[in-house]
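> Quick one: the structure is below, questions incoming.
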Number of protein chains: 2
Amino acid sequence: MIFRVWAPKAAKIAVECNGLVVPMRKESGGWYSAPTKGSAGDDYSYLIDDQSSTPDPRSRWQPGGIHGRSRVLDHSHFRWNDTDWQAPPLATGLAYELHVGTFTPEGTFLSTIDRLDHLVNLGVTHVELMPVNEFSGSHGWGYDSVDIFAPHHCYGEPNHLKQLVGACHTRGLAVIADVVYNHYGPVGNYLERFGPYFTDRYTTPWGRAVNLDGPGSDEVRRFFCDHALMMLKDYHFDGLRLDAVHSIFDYSAINFMEQLASEIDALEQELGRDLILIAESDLNDPKLIRSPELGGYGLDAQWNDDFHHALHTVLTGEATGYYQDFGTLASLAKTLQNAWVYDGCYSKFRDRHHGRSPHGLSGHQFVAFSQNHDQIGNRAKGERSSHLMDADRLKIAAAMLLTAPFVPMLFQGEEWAASSPFLYFTDHQDPQLGDAVREGRRREFAAFGWRPEEIPDPQAHETFMRSKLDWSEIAGSPHREMLDWYRGLVKLRRERISPGDLRLETATVKYDEKNRWLAYERGSLEILCNLSDRPMTVGSSARDLLLASKSGFRVNDGSVAMPPMSIAIADKR
Amino acid sequence: MIFRVWAPKAAKIAVECNGLVVPMRKESGGWYSAPTKGSAGDDYSYLIDDQSSTPDPRSRWQPGGIHGRSRVLDHSHFRWNDTDWQAPPLATGLAYELHVGTFTPEGTFLSTIDRLDHLVNLGVTHVELMPVNEFSGSHGWGYDSVDIFAPHHCYGEPNHLKQLVGACHTRGLAVIADVVYNHYGPVGNYLERFGPYFTDRYTTPWGRAVNLDGPGSDEVRRFFCDHALMMLKDYHFDGLRLDAVHSIFDYSAINFMEQLASEIDALEQELGRDLILIAESDLNDPKLIRSPELGGYGLDAQWNDDFHHALHTVLTGEATGYYQDFGTLASLAKTLQNAWVYDGCYSKFRDRHHGRSPHGLSGHQFVAFSQNHDQIGNRAKGERSSHLMDADRLKIAAAMLLTAPFVPMLFQGEEWAASSPFLYFTDHQDPQLGDAVREGRRREFAAFGWRPEEIPDPQAHETFMRSKLDWSEIAGSPHREMLDWYRGLVKLRRERISPGDLRLETATVKYDEKNRWLAYERGSLEILCNLSDRPMTVGSSARDLLLASKSGFRVNDGSVAMPPMSIAIADKR
């Protein structure tokens with residue numbers, strides 16, 4: 001086979017495979033190539049300028065982890081059983097975020113398959129996997145990506161990931177991969193030796209910014225675009241979730257994200273199936289999801305953090321950090337009509353005006369959630385909503401999410417109010433970095449009044465183990481009851497709301513900040529919510545209650561009496 | 001009067017005026033205010049946290065320079081004589097870039113007035129002043145702006161600048177100010193003491209990047225927008241030229257430039273006269289000049305460096321640095337039809353693909369030039385085209401520029417092939433910085449084979465003095481002849497081309513790379529150019545020659561015979 005690698009920084013480079021060191025021939029554009037006797041399954045590494053052996057930046061398999069040798073993988077060898085697969089539409093879907101390492105006790109691609117039927121029964125349509133690329137150590141969230149073309153070796157072999165995707169498709173589930181194109185992990189980043197992958201022109205909170213607009217950036221953009229195309233084409237993923245695009249810095253005239261969306265559109269045509277591109281963005285900038293004809297990047301959807309913050313603060317009363325910008329029913333009502341609370345108005349937390357009007361966008365372009373890995377795991381103790389709220393409030397959160405005019409997404413175990421936290425866990429083999437991560441975490445939460453010893457140690461194995469779901473608890477109380485509530489909501493959503501009217505600005509939302517109730521209409525339904533600790537009667541056009549979070553609702557002619565801290569979904573007259 | 005200053009970084013602040021120190025009262029949003037007995041003409045300074053006295057960031061007058069005290073200026077005191085002024089349209093105009101310090105021997109606002117009639121006689125419609133804000137030392141280009149609200153004290157008093165603008169208007173000349181919003185000068189930058197004006201998230205080649213999207217950036221944006229509005233409203237400027245917008249970093253959802261353009265649009269309505277906003281941009285990104293409805297920023301025009309580079313390299317054969325990306329007739333032809341050579345294709349100099357198609361834009365959105373302060377002054381010895389080319393080529397450059405489908409701009413003295421160079425000169429009072437600038441300049445040009453002693457010392461007074469125009473030479477040969485050529489071209493442009501068809505893609509350009517001729521049509525005219533050193537006959541629909549750079553042209557039926565290195569403008573049949 002022929003090894004090829006882009007290494008414009010190298011004066012000379014050789015490939016070592018099967019005990020033979022083969023000098024590589026310089027081609028145009030900084031590429032090197034060498035024919036070898038290697039074939040699928042063989043291990044190899046590169047020797048740059050006679051230095052120590054280095055993994056392939058585009059390694060498809062790192063069986064020994066980030067510092068180990070790369071293994072040749074031929075994607076064409078896998079036998080797929082998902083012929084003619086068509087993903088369900090995201091606009092009417094239900095997404096579910098899961099972390100392979102903690103979703104099951106075994107924490108592998110294959111063990112994940114065992115639990116897919118649970119997702120199907122729940123009504124999930126889109127499974128979103130937290131990063132499955134190779135990263136530092138044996139366990140972690142995955143955002144310290146290093147060998148992005150290689151599935152994380154502790155989750156299983158590359159073919160196991162394909163089996164997982166295939167098993168999802170067999171069950172009608174689409175699969176979305178969370179990918180990190182804004183920085184590279186601090187450990188095992190050998191890319192610097194090869195080419196100008198990074199730049200100092202911009203800074204990110206996590207490491208060096210990716211060079212998307214400087215000299216040599218064509219190939220860097222190719223690197224990330226090719227990764228995206230591989231995930232969709234060779235692993236049969238149905239879409240990608242781009243991590244933290246506000247740190248993808250590119251001032252060139254064709255933004256990297258626009259290029260990526262355009263290449264994925266072309267692949268969609270080639271493959272004859274729908275592919276989706278979703279951004280996590282802190283910008284509240286409609287440009288990401290507007291069409292290129294209107295100066296946008298043409299992504300399909302973006303996460304809606306404002307909805308989370310508005311809902312979470314109303315239910316918990318929390319007001320520290322970025323939650324200080326939310327907390328009112330006015331904010332919650334605004335997200336239901338406008339997706340964003342911050343659409344150009346002043347944010348106290350940011351100390352500046354923030355965002356822009358999403359005018360003309362539709363609700364199906366926003367992925368919403370009442371919890372996610374970040375909102376849980378970035379807390380001091382990885383607390384889920386179920387650790388912070390009583391069952392009444394949890395049911396309100398679920399009902400709000402599943403009736404809101406967005407694409408709802410659940411976080412693993414949310415549906416049964418799982419008892420396990422989702423902690424921040426790492427496994428950096430570099431002791432200094434491990435200490436720095438531990439201390440950084442302690443320092444971060446000291447600002448919120450936590451003592452160092454209260455913060456779980458990210459590097460402790462126990463922190464990882466505690467984060468695994470306990471599937472045995474699902475059948476018992478109160479988990480079973482919560483799961484039934486979610487199932488009922490998903491069923492009602494599917495039957496009565498999706499595909500519903502997802503236009504935003506036309507939504508009718510009424511609320512009373514002082515008396516703490518909120519009501520809104522979705523098509524022929526009315527959702528009524530009492531957020532106070534007192535019984536409440538409000539004017540309403542409700543006729544029949546379809547679903548209520550607790551007993552005590554009474555529908556009268558022109559009003560509804562609601563028990564304290566409750567929500568109901570009713571047919572309108 | 002009441003002093004007001006934004007100083008969120010200050011724990012306490014006082015104003016000193018007329019020998020009295022008055023503590024200032026904290027208002028909301030980081031603002032402080034204090035009533036004093038000061039009035040117009042009084043000097044004052046701020047004392048932050050009891051430290052040494054500091055100029056006002058918004059100082060309107062720094063009679064003693066960047067480290068001196070600020071002087072109160074009441075803009076309403078000036079008596080304008082330009083009532084009902086309406087600027088001529090830029091689309092049919094002729095711009096002229098000048099540097100107040102070197103345009104006349106005296107180098108002042110008032111002495112500039114003495115030479116305005118020359119510009120009127122030449123056919124200039126828009127005078128563009130290189131930065132007139134306060135900067136370090138007594139002389140310099142002005143891009144090391146520090147007190148941007150104050151006119152440079154060595155150019156004269158603020159009222160003198162108003163007199164200059166008024167004198168332009170009296171003569172029918174519009175005036176554009178070159179403003180620097182991408183960084184602040186390295187000396188005399190007291191802004192850090194007051195608030196978060198700068199950020200480390202981005203880097204610029206010249207100094208700290210301006211904080212346009214981080215905490216506190218609302219007021220930083222206000223600072224620069226208010227400066228722009230002051231220039232237009234209180235100094236009666238007709239437009240602004242934004243320096244190096246590729247280093248104006250702003251990732252927020254409403255880009256600073258879009259905000260600025262929108263505020264200037266509103267002022268335009270308020271004042272009832274046209275105001276223009278022009279960008280210097282290295283991005284080749286149509287977004288800058290597209291309308292906001294199409295996702296653009298809504299600026300009126302941008303400089304077209306690609307046209308300069310294409311023309312300059314064809315005429316000089318230079319191929320170092322960024323000139324390596326140009327040099328062919330194909331490039332020159334492409335700029336005439338497409339404004340940019342780099343519209344998404346690969347640039348060797350940048351080692352990446354560059355730019356984007358300007359599809360749908362019009363030629364009047366591009367300001368073109370065959371020389372400007374940067375292209376001259378950033379050379380080792382500040383050589384104008386007249387120091388690099390013979391008269392034949394200079395005439396071709398002028399004719400190309402003045403018949404191209406763009407807004408042409410001349411650089412001071414270009415019209416008579418002035419003999420004085422335009423060198424890089426500075427007057428930093430800090431000896432260390434002075435040394436660094438001198439050494440940096442020498443190092444930069446060492447890469448092009450220059451010896452240190454060959455590079456004029458930027459800090460030497462002589463370097464500044466040598467850059468002043470010598471108006472006495474204008475009447476003599478060969479300057480008079482060149483001036484007549486320019487005048488003839490401007491007259492022909494005004495009578496036969498402007499307001500012409502400035503659509504780009506429809507332009508017809510023919511050329512022969514090997515035999516080195518190029519011909520293009522503009523409306524009813526044909527421009528024929530022989531770029532070889534041999535006589536040449538080319539097929540043509542020319543009827544009558546209107547203007548020719550030298551004798552020897554012969555119009556036949558269906559062809560034109562051209563002398564070596566010549567250009568002519570003809571009526572088409």
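Chain labels A, B, ... are given in the sequence in which chains occur in the structure tokens; within each chain residues are numbered consecutively from 1, and ligands are likewise numbered from 1 in the order shown.
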Using only C-alpha atoms, determine which residues of chain A fall within 9 Å of chain B; present them as a ChimeraX atom specification.
/A:200-204,213-219,246,249,251-254,283-287,292-296,343-344,349-356
> Which parts of range 62-176 of chain A does DSSP call helix (DSSP H, G or I) when run on the backbone here, written out as a VMD selection string?
chain A and resid 75 to 77 90 to 92 100 to 103 109 to 113 116 to 122 153 to 155 158 to 170
> With N, CA and C atoms kept, could you save the residues just selected as a compact mmCIF listing (two decimals), in the first residue's frame?

# COMPACT_ATOMS: atom_id res chain seq x y z
N HIS A 75 -11.55 0.95 5.18
CA HIS A 75 -12.98 1.11 5.47
C HIS A 75 -13.85 0.23 4.58
N SER A 76 -13.31 -0.15 3.43
CA SER A 76 -14.15 -0.91 2.50
C SER A 76 -14.36 -2.36 2.95
N HIS A 77 -13.61 -2.77 3.98
CA HIS A 77 -13.74 -4.17 4.41
C HIS A 77 -15.01 -4.46 5.22
N LEU A 90 -34.90 15.39 11.38
CA LEU A 90 -34.58 15.98 12.69
C LEU A 90 -35.72 16.87 13.17
N ALA A 91 -36.37 17.54 12.23
CA ALA A 91 -37.39 18.53 12.60
C ALA A 91 -38.51 17.92 13.43
N THR A 92 -38.80 16.64 13.23
CA THR A 92 -39.86 16.00 14.00
C THR A 92 -39.29 14.96 14.95
N VAL A 100 -20.45 7.13 25.52
CA VAL A 100 -20.26 5.68 25.40
C VAL A 100 -19.65 5.07 26.66
N GLY A 101 -18.71 5.76 27.27
CA GLY A 101 -18.00 5.20 28.42
C GLY A 101 -18.84 5.04 29.67
N THR A 102 -19.93 5.79 29.78
CA THR A 102 -20.74 5.75 31.01
C THR A 102 -22.18 5.34 30.77
N PHE A 103 -22.56 5.18 29.51
CA PHE A 103 -23.95 4.83 29.19
C PHE A 103 -24.26 3.41 29.68
N PHE A 109 -18.58 0.46 22.58
CA PHE A 109 -19.49 0.59 21.44
C PHE A 109 -20.48 -0.57 21.43
N LEU A 110 -19.95 -1.80 21.66
CA LEU A 110 -20.81 -2.98 21.55
C LEU A 110 -21.84 -3.04 22.68
N SER A 111 -21.41 -2.67 23.90
CA SER A 111 -22.38 -2.73 25.01
C SER A 111 -23.47 -1.67 24.83
N THR A 112 -23.14 -0.60 24.12
CA THR A 112 -24.15 0.43 23.87
C THR A 112 -25.32 -0.15 23.07
N ILE A 113 -24.99 -1.06 22.18
CA ILE A 113 -26.03 -1.67 21.32
C ILE A 113 -27.11 -2.32 22.17
N LEU A 116 -30.05 0.01 23.02
CA LEU A 116 -30.71 0.81 21.99
C LEU A 116 -32.22 0.62 22.00
N ASP A 117 -32.67 -0.60 22.34
CA ASP A 117 -34.11 -0.83 22.33
C ASP A 117 -34.82 0.06 23.35
N HIS A 118 -34.13 0.33 24.45
CA HIS A 118 -34.69 1.27 25.43
C HIS A 118 -34.96 2.62 24.77
N LEU A 119 -34.01 3.05 23.94
CA LEU A 119 -34.16 4.35 23.27
C LEU A 119 -35.32 4.32 22.28
N VAL A 120 -35.42 3.21 21.55
CA VAL A 120 -36.51 3.08 20.58
C VAL A 120 -37.84 3.12 21.31
N ASN A 121 -37.94 2.41 22.41
CA ASN A 121 -39.18 2.39 23.19
C ASN A 121 -39.53 3.77 23.74
N LEU A 122 -38.52 4.52 24.02
CA LEU A 122 -38.73 5.87 24.54
C LEU A 122 -39.23 6.82 23.45
N HIS A 153 -9.82 3.92 21.48
CA HIS A 153 -9.52 2.49 21.54
C HIS A 153 -10.16 1.78 22.74
N CYS A 154 -10.43 2.51 23.82
CA CYS A 154 -11.03 1.84 24.98
C CYS A 154 -12.53 1.60 24.77
N TYR A 155 -13.11 2.25 23.78
CA TYR A 155 -14.52 2.00 23.46
C TYR A 155 -14.68 0.77 22.55
N PRO A 158 -12.52 0.04 15.61
CA PRO A 158 -13.31 0.84 14.66
C PRO A 158 -14.54 0.10 14.14
N ASN A 159 -14.38 -1.21 13.88
CA ASN A 159 -15.53 -1.96 13.37
C ASN A 159 -16.67 -2.02 14.39
N HIS A 160 -16.32 -1.93 15.67
CA HIS A 160 -17.37 -1.94 16.69
C HIS A 160 -18.21 -0.67 16.60
N LEU A 161 -17.55 0.44 16.30
CA LEU A 161 -18.30 1.69 16.12
C LEU A 161 -19.24 1.56 14.93
N LYS A 162 -18.74 0.93 13.87
CA LYS A 162 -19.60 0.72 12.70
C LYS A 162 -20.78 -0.20 13.05
N GLN A 163 -20.49 -1.22 13.88
CA GLN A 163 -21.58 -2.11 14.30
C GLN A 163 -22.63 -1.33 15.10
N LEU A 164 -22.15 -0.41 15.94
CA LEU A 164 -23.09 0.41 16.72
C LEU A 164 -23.95 1.27 15.80
N VAL A 165 -23.31 1.93 14.84
CA VAL A 165 -24.09 2.78 13.92
C VAL A 165 -25.07 1.92 13.14
N GLY A 166 -24.59 0.76 12.66
CA GLY A 166 -25.46 -0.13 11.91
C GLY A 166 -26.64 -0.62 12.76
N ALA A 167 -26.36 -0.94 14.04
CA ALA A 167 -27.42 -1.41 14.93
C ALA A 167 -28.45 -0.31 15.17
N CYS A 168 -27.99 0.93 15.25
CA CYS A 168 -28.93 2.05 15.37
C CYS A 168 -29.82 2.11 14.13
N HIS A 169 -29.20 2.06 12.98
CA HIS A 169 -29.97 2.18 11.73
C HIS A 169 -30.99 1.05 11.61
N THR A 170 -30.56 -0.15 11.99
CA THR A 170 -31.49 -1.29 11.94
C THR A 170 -32.74 -1.01 12.76
> Can you work out the spacing between CA of Leu229 in chain B and CA of Leu267 in chain B in Å, to one decimal?
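A separation of 7.6 Å between them.
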> Which residue gives the smallest distance to Ser467 in chain A among A:Glu444, A:Glu481, A:Glu415, A:Glu383, with only C-alpha atoms counted?
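Using only C-alpha atoms, the shortest distance to Ser467 in chain A belongs to A:Glu383.
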> What does the distance from CA of Ser136 in chain B to CA of Val187 in chain B come to in Å, to one decimal?
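CA of Val187 in chain B lies at a distance of 6.2 Å from CA of Ser136 in chain B.
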> Given the choices B:Gln459, B:Ser472, B:Gln371, B:Ser532, which gets closest to Gln432 in chain B if the distance is worked out from only C-alpha atoms?
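Among the listed residues, the smallest separation from Gln432 in chain B belongs to B:Gln459.
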> Using only C-alpha atoms, determine which residues lie at most 12 Å from Met1 in chain A, disregarding the query and same-chain residues fewer than 5 positions distant; provide the list as a PyMOL selection string.
chain A and resi 15+17+33-42+44+72-74
> Output N, CA and C atoms of each residue in that selection to a file, as a compact mmCIF listing (two decimals), in the first residue's frame.

# COMPACT_ATOMS: atom_id res chain seq x y z
N VAL A 15 8.46 6.33 6.73
CA VAL A 15 7.42 5.54 7.37
C VAL A 15 8.03 4.21 7.81
N CYS A 17 7.08 0.45 8.94
CA CYS A 17 5.97 -0.49 8.89
C CYS A 17 6.55 -1.90 8.76
N SER A 33 4.97 10.69 0.12
CA SER A 33 4.36 9.37 -0.09
C SER A 33 5.45 8.31 -0.17
N ALA A 34 5.04 7.08 0.12
CA ALA A 34 5.97 5.95 0.00
C ALA A 34 5.16 4.68 -0.20
N PRO A 35 5.54 3.88 -1.19
CA PRO A 35 4.93 2.55 -1.31
C PRO A 35 5.59 1.61 -0.30
N THR A 36 4.78 0.77 0.34
CA THR A 36 5.32 -0.19 1.32
C THR A 36 4.63 -1.54 1.10
N LYS A 37 5.10 -2.50 1.87
CA LYS A 37 4.44 -3.80 1.82
C LYS A 37 3.32 -3.91 2.86
N GLY A 38 3.00 -2.79 3.52
CA GLY A 38 1.97 -2.82 4.55
C GLY A 38 0.59 -3.09 3.96
N SER A 39 -0.29 -3.62 4.80
CA SER A 39 -1.68 -3.79 4.39
C SER A 39 -2.56 -3.69 5.64
N ALA A 40 -3.86 -3.78 5.43
CA ALA A 40 -4.81 -3.59 6.53
C ALA A 40 -4.42 -4.44 7.74
N GLY A 41 -4.41 -3.82 8.90
CA GLY A 41 -4.07 -4.52 10.13
C GLY A 41 -2.63 -4.31 10.58
N ASP A 42 -1.79 -3.81 9.68
CA ASP A 42 -0.39 -3.57 10.03
C ASP A 42 -0.26 -2.27 10.85
N TYR A 44 2.08 1.02 12.02
CA TYR A 44 3.10 1.87 11.40
C TYR A 44 3.24 3.16 12.18
N VAL A 72 -3.20 0.32 10.13
CA VAL A 72 -3.86 0.50 8.83
C VAL A 72 -5.27 -0.08 8.90
N LEU A 73 -6.24 0.71 8.44
CA LEU A 73 -7.64 0.27 8.44
C LEU A 73 -8.22 0.54 7.05
N ASP A 74 -8.84 -0.47 6.48
CA ASP A 74 -9.48 -0.31 5.17
C ASP A 74 -11.00 -0.25 5.38
> So that I can see what lies close to range 172-174 of chain B, please list as a PyMOL selection string the residues with an atom at most 8 Å from it, counting only C-alpha atoms and leaving out residues fewer than 4 positions away in the same chain.
chain B and resi 87-88+120+124-127+168+237-238
> Give the strand (DSSP E) residues of range 156-305 of chain B, as DSSP finds them on the backbone, and put them as a list of chain:residue names.
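Of range 156-305 of chain B, the ones in strand (DSSP E) are B:Ala174, B:Val175, B:Ile176, B:Ala177, B:Asp178, B:Val179, B:Phe198, B:Thr199, B:Asp200, B:Arg201, B:Tyr202, B:Thr203, B:Arg208, B:Ala209, B:Val210, B:Gly239, B:Leu240, B:Arg241, B:Leu242, B:Ile276, B:Leu277, B:Ile278, B:Ala279, B:Ala301, B:Gln302, B:Trp303.
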> Could those selected residues go to a file with C-alpha atoms, as a PDB file, in the first residue's frame?

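Saved result, selection.pdb, follows:
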ATOM      1  CA  ALA B 174     -15.778  66.224  -0.487  1.00  0.00           C
ATOM      2  CA  VAL B 175     -13.406  65.216   2.306  1.00  0.00           C
ATOM      3  CA  ILE B 176     -12.772  61.709   3.635  1.00  0.00           C
ATOM      4  CA  ALA B 177     -10.888  60.998   6.864  1.00  0.00           C
ATOM      5  CA  ASP B 178      -8.665  57.963   7.239  1.00  0.00           C
ATOM      6  CA  VAL B 179      -9.414  56.478  10.669  1.00  0.00           C
ATOM      7  CA  PHE B 198      -8.079  46.068  24.329  1.00  0.00           C
ATOM      8  CA  THR B 199      -8.068  42.287  24.296  1.00  0.00           C
ATOM      9  CA  ASP B 200      -5.580  39.447  24.083  1.00  0.00           C
ATOM     10  CA  ARG B 201      -8.080  37.140  22.342  1.00  0.00           C
ATOM     11  CA  TYR B 202      -6.838  38.365  18.981  1.00  0.00           C
ATOM     12  CA  THR B 203      -3.507  39.671  17.760  1.00  0.00           C
ATOM     13  CA  ARG B 208      -3.057  45.129  21.032  1.00  0.00           C
ATOM     14  CA  ALA B 209      -6.330  44.315  19.307  1.00  0.00           C
ATOM     15  CA  VAL B 210      -9.359  46.425  20.149  1.00  0.00           C
ATOM     16  CA  GLY B 239     -16.887  59.999   4.771  1.00  0.00           C
ATOM     17  CA  LEU B 240     -14.394  57.755   6.462  1.00  0.00           C
ATOM     18  CA  ARG B 241     -11.786  55.316   5.245  1.00  0.00           C
ATOM     19  CA  LEU B 242     -11.379  52.486   7.783  1.00  0.00           C
ATOM     20  CA  ILE B 276     -19.636  57.316   2.829  1.00  0.00           C
ATOM     21  CA  LEU B 277     -17.785  54.517   4.543  1.00  0.00           C
ATOM     22  CA  ILE B 278     -14.840  52.904   2.765  1.00  0.00           C
ATOM     23  CA  ALA B 279     -12.780  49.973   4.035  1.00  0.00           C
ATOM     24  CA  ALA B 301     -16.828  50.734  -0.972  1.00  0.00           C
ATOM     25  CA  GLN B 302     -13.506  49.109  -0.328  1.00  0.00           C
ATOM     26  CA  TRP B 303      -9.993  49.569  -1.627  1.00  0.00           C
TER      27      TRP B 303
END
> Which polymer residues have any atom within 12 Å of an atom of Pro405 in chain B, counting only C-alpha atoms, with same-chain residues fewer than 6 positions away left out, as a PyMOL selection string?
chain B and resi 91-93+304+307+333+335-339+361-369+399+493+497-509+520-523
> Find the residues around Glu97 in chain A up to 8 Å (only C-alpha atoms counted), leave out those fewer than 4 positions away in its own chain, and share them as a JSON list (two decimals) with C-alpha atoms, in the first residue's frame.

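Okay, selection.json is ready:
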[["chain", "number", "residue", "atom", "x", "y", "z"],
["A", 127, "VAL", "CA", -28.71, 9.34, 19.06],
["A", 128, "GLU", "CA", -25.92, 11.86, 19.63],
["A", 129, "LEU", "CA", -22.63, 10.34, 20.73],
["A", 130, "MET", "CA", -20.26, 12.49, 22.75],
["A", 372, "ASN", "CA", -26.92, 18.13, 28.81],
["A", 373, "HIS", "CA", -23.41, 16.90, 29.51],
["A", 409, "MET", "CA", -32.76, 16.41, 23.26],
["A", 410, "LEU", "CA", -32.46, 14.28, 26.41],
["A", 411, "PHE", "CA", -29.26, 13.45, 28.26],
["A", 412, "GLN", "CA", -28.61, 9.80, 29.07]]
